[in-house]
Amino acid sequence: MLEISHVGKTYGSGARETRALADIDLTVVERELLCVVGPSGCGKTTLLKCVGGLLRPTTGEVRLHGRRVTEPPEEMALVFQDYSRSLMPWTSVRNNVLLPLRHKKLARSERARLVEDALEAVGLTRFIDHYPWQLSGGMQQRVAIARALAYQPSILLMDEPFASVDAQTRGDLEDLVLNVREQYGVTILFVTHDIDESVYLADRIAVLTHSPTEVKELIAVDLPSPRDQIATKELAEFARLRGHVYRLIKRERPAAGDLAAEQALAAVHPET
Amino acid sequence: MSARAWRLTKVGAEIAVPIAILLAWQAWTASAHQARFPRPTTILVEFQKLWLFSEFGQHVVPSLERIGAGFVLGAVIGVALGIPLGLSARARRAATPHIEYWRAMPPPALLPISIILAHSIADRQKISFIAFVCIFPVLLNTIDGIRGIDPTLIDTARSYGVPQREHIRRIVLPAAFPQIMAGLRNSLALAVIMMVLTEYFSSTNGVGYVLLISKNTFQLVPMWASIVLIGVLGYVLNLGFLLVERRVLAWHRGWRAALPE
Amino acid sequence: MRRGLSVVDALLPVLSVVAALALWELISRTGIISERDLPPMTTCVSTLWHLVQTGAFWHQLLLTVRGWALGLGVATVLAVPIGIVLGSSDLAGRAFRVPIEFLRPIPSAALIPLLFLTLGTNIKSEVFLAAFGAFWPLLVQTMYGVRDVDPVALDTARSFGLGPVERLYRVTLPSTVPYIATGLRISSTVALILAFTAELFMGIPGLGQAMNVANAFGLENELYALALATGFLGVAIHLVSTAVERRALRWHPSQRQAVS
């Protein structure tokens, strides 16, 4: 469904050139939840922006349903980490969720229904006429998710969406993502630095190297569905997978005192 | 002093000091016996006689109309030009020398020229002069407001494929609006000043005209009453604008209060 | 992301100025606006060029600059200390809040007739007008600056045993400097406008009065040339005050109020 072929991204030129992504090769299958994990600064956000059509890859290409991605495609929705900065503070939750639908050819009543359904799916029906900033961080992120859902994408890209949320809310939001995937049948590409989260959510995990970044390993996650925050995490298989991913990433992180590697990392990912 | 007593002292000072100033002014002018500095009470009486409401229609209304028309025209042009300039770095590069020159030009230097170009001293000269001056605070603030929009918001809109017109209408303008309002407030204050200047320079009616005429005919009390009127006008218009701003930007205050430090 | 500008991009400002000047010439020469009302660009520029070579012009320019400088100076000398006092003391600040709110919006232009009758048509009026207008932005900015001092910094100073005067001198004042610099930028623009206004409306010697003379004698070319020159003077003052402000803001997180 989504083919990421030999995608590379280089910033700058000449002496100041930084290679954020070297060669990313990945295929996302219909209806799967693929998690992307990697050491900090390995360019996960850059990858997501390239896949999402917000950045042009320097090499390689991304194809969605066989069509090349050059602009943000219509069947794709993004959920950013900075949820509060992605919501419009001057209008209601309802209008925020409505925004992407306005230019779609739909009847007004149909749009309203999609908005209400999406907000119900994330459990925010009561707050539909509030301002986003009147809600807590976790709730705001749910608004962002509802907005993505109302848009009815076939694929959802999520860039560390729960990184800025407290641990308990994170658990609720993770379960929300799983429910939404069941309910809407949407494919999800989920970027995170939280290893536990990646194992808990994923059907498959792509572990990235540090920059210049490539896919180090693709791991199939065979944990039973439906997942549960307590039961699943008590399974031996969970611990094994978690340990495996952890070791892979740990080997990728530069040894303490390797100053050159640290600087290369920092240069590549200014947001880190 | 206890906290409560301290607070009361401050409130007391807030009330007492303006009153004290007025009383001192009254006392000094009463004892100085100078025609040039009439007593505040005399000025107030004249103020009521002149502006409430005998000359109101003949002079205050035209002045307010000029302020209104000039301000609105300047604001519309300022925002309309500010949008493309705010969005396009290339357009900004081309426009920068012009903006930097005209914003630095002292407006009174253009008064004689405005009369020549308008072929008259009628309303159209005054309104176009006021409008021209009002463009710049709004233009500059619109550009700044647009450039300061959070890139995450822009990326979000792009990722959902929001078309350009929707984008400007529903994201760019509302996001830049608080900054635009600041520019509008400055512009309004400027409009009042320019109204006075252009009417004083050349007019057949208006508050500035009355100011000029009363000076020329040595009618000192009406002159003072006009000065007070201009001050009151500036104050009232500013206050009115702040009230509108408070309502229209209620979301902005709430949002800023909710931002994590 | 390409580094460096393309040649076209770099030349864009120059090209747009050239285009505007050419447009001016065209509008005038073809009579869209009559040549009497809008002399051609080349005529105005050459008039300006001749003007710039006369001693009289520079004398008038310097008189305007003098009025501007004195007005700004007086305003600064008054506004900064008063602003510090009103900003530091909550009592004083609140006591004088109402008078300031009433006096601030008074357009200085309204005082012109009063100045005619009191100080007279000389430089005193020009300086008074410029100072009156320039006073308020500086006062307000200084007050903001003093109020915005980091309370943690003040507490730290106090815990090190610094008395109130030393705290003012070592913590408050340095922290207020960027605000004062912003105030100076705003005020220097205001002071120039008012100095010129005083000259134009009261016949006080300077560029404004030169414009009066040109207007009275129907010398359109001179009128436009003087306007151009005044614009350039404004640009020069704006550049200097902006540079000073930028320097003062360099080591301080940007705390500026709305663009003026």
# chains A, B, ... in the order shown; residues from 1 in each chain; ligands from 1
call {"tool": "residues_around", "arguments": {"residues": "Pro161 of chain A", "least_positions_apart": "5", "cutoff": "10 Å", "atoms": "only C-alpha atoms", "output": "ChimeraX atom specification"}}
result
/A:78-83,138,141-142,144-145,170,173-174,190-192
call {"tool": "closest_atom_pairs", "arguments": {"of": "chain C", "to": "chain B", "cutoff": "6 Å", "atoms": "only C-alpha atoms", "output": "CSV"}}
result
residue,atom,partner,partner_atom,distance
C:Leu12,CA,B:Ala94,CA,5.1
C:Pro13,CA,B:Ala94,CA,4.4
C:Ser16,CA,B:Ala94,CA,5.6
C:Asp37,CA,B:Leu117,CA,6.0
C:Leu91,CA,B:Lys10,CA,5.4
C:Arg94,CA,B:Glu14,CA,5.6
C:Ala95,CA,B:Glu14,CA,4.1
C:Pro99,CA,B:Pro18,CA,6.0
C:Pro105,CA,B:Gly234,CA,5.6
C:Ile106,CA,B:Gly231,CA,4.4
C:Pro107,CA,B:Ile193,CA,5.4
C:Ala110,CA,B:Ile227,CA,5.7
C:Pro113,CA,B:Lys215,CA,5.8
C:Ile193,CA,B:Pro106,CA,5.0
C:Ala227,CA,B:Ala109,CA,5.6
C:Gly231,CA,B:Met105,CA,4.2
C:Gly234,CA,B:Ala104,CA,4.9
C:Val235,CA,B:Ala104,CA,5.2
call {"tool": "interface_residues", "arguments": {"of": "chain A", "to": "chain B", "cutoff": "10 Å", "atoms": "only C-alpha atoms", "output": "number ranges by chain"}}
result
A: 49, 52-54, 71-92, 99-104, 131-136, 144, 147-148, 151, 153
call {"tool": "residues_around", "arguments": {"residues": "Ala75 of chain C", "least_positions_apart": "5", "cutoff": "12 Å", "atoms": "only C-alpha atoms", "output": "ChimeraX atom specification"}}
result
/C:68-70,80-83,127-139,180,183-184,187-188,190-191
call {"tool": "write_last_selection", "arguments": {"atoms": "N, CA and C atoms", "output": "compact mmCIF listing (two decimals), in the first residue's frame"}}
result
# COMPACT_ATOMS: atom_id res chain seq x y z
N TRP C 68 14.79 68.28 16.14
CA TRP C 68 14.54 66.88 16.44
C TRP C 68 15.39 66.40 17.61
N ALA C 69 16.68 66.70 17.52
CA ALA C 69 17.60 66.22 18.54
C ALA C 69 17.28 66.80 19.91
N LEU C 70 17.04 68.11 19.94
CA LEU C 70 16.73 68.74 21.22
C LEU C 70 15.42 68.20 21.79
N VAL C 80 12.86 59.04 31.03
CA VAL C 80 13.54 57.88 31.60
C VAL C 80 13.53 57.91 33.14
N PRO C 81 13.95 59.02 33.78
CA PRO C 81 13.87 59.02 35.25
C PRO C 81 12.44 58.88 35.77
N ILE C 82 11.53 59.64 35.16
CA ILE C 82 10.14 59.55 35.61
C ILE C 82 9.61 58.14 35.40
N GLY C 83 9.95 57.56 34.27
CA GLY C 83 9.50 56.20 33.98
C GLY C 83 10.05 55.20 34.98
N VAL C 127 10.90 72.59 19.80
CA VAL C 127 11.45 71.64 20.75
C VAL C 127 10.35 71.15 21.70
N PHE C 128 9.50 72.09 22.16
CA PHE C 128 8.43 71.69 23.06
C PHE C 128 7.53 70.66 22.40
N LEU C 129 7.11 70.95 21.18
CA LEU C 129 6.20 70.04 20.48
C LEU C 129 6.83 68.66 20.29
N ALA C 130 8.08 68.67 19.81
CA ALA C 130 8.75 67.39 19.57
C ALA C 130 8.92 66.63 20.87
N ALA C 131 9.28 67.38 21.94
CA ALA C 131 9.50 66.73 23.22
C ALA C 131 8.21 66.17 23.78
N PHE C 132 7.12 66.94 23.66
CA PHE C 132 5.84 66.48 24.18
C PHE C 132 5.43 65.18 23.52
N GLY C 133 5.58 65.13 22.20
CA GLY C 133 5.18 63.91 21.50
C GLY C 133 6.09 62.73 21.82
N ALA C 134 7.39 63.01 21.91
CA ALA C 134 8.35 61.93 22.11
C ALA C 134 8.34 61.42 23.55
N PHE C 135 7.83 62.23 24.46
CA PHE C 135 7.86 61.87 25.87
C PHE C 135 7.09 60.59 26.16
N TRP C 136 5.88 60.49 25.61
CA TRP C 136 4.98 59.41 26.04
C TRP C 136 5.44 58.00 25.67
N PRO C 137 5.83 57.75 24.43
CA PRO C 137 6.31 56.39 24.13
C PRO C 137 7.50 55.99 25.00
N LEU C 138 8.41 56.95 25.23
CA LEU C 138 9.57 56.65 26.07
C LEU C 138 9.15 56.35 27.50
N LEU C 139 8.22 57.14 28.00
CA LEU C 139 7.76 56.93 29.36
C LEU C 139 7.15 55.54 29.52
N ILE C 180 14.11 50.80 26.72
CA ILE C 180 14.37 52.21 26.45
C ILE C 180 14.81 52.38 24.99
N GLY C 183 11.83 52.31 22.94
CA GLY C 183 11.15 53.58 23.12
C GLY C 183 11.82 54.69 22.32
N LEU C 184 13.14 54.68 22.31
CA LEU C 184 13.87 55.70 21.54
C LEU C 184 13.58 55.59 20.05
N SER C 187 10.15 56.97 19.60
CA SER C 187 10.12 58.41 19.88
C SER C 187 10.89 59.22 18.86
N SER C 188 11.96 58.67 18.31
CA SER C 188 12.71 59.48 17.35
C SER C 188 11.89 59.72 16.09
N VAL C 190 8.57 59.96 16.10
CA VAL C 190 7.58 60.95 16.51
C VAL C 190 8.21 62.34 16.57
N ALA C 191 9.40 62.42 17.14
CA ALA C 191 10.06 63.72 17.30
C ALA C 191 10.32 64.38 15.95
call {"tool": "interface_residues", "arguments": {"of": "chain A", "to": "chain C", "cutoff": "8 Å", "atoms": "only C-alpha atoms", "output": "number ranges by chain"}}
result
A: 11-13
call {"tool": "write_last_selection", "arguments": {"atoms": "C-alpha atoms", "output": "PDB file, in the first residue's frame"}}
result
ATOM      1  CA  TYR A  11      20.225  19.003   4.067  1.00  0.00           C
ATOM      2  CA  GLY A  12      22.568  21.789   3.106  1.00  0.00           C
ATOM      3  CA  SER A  13      25.390  21.547   0.646  1.00  0.00           C
TER       4      SER A  13
END
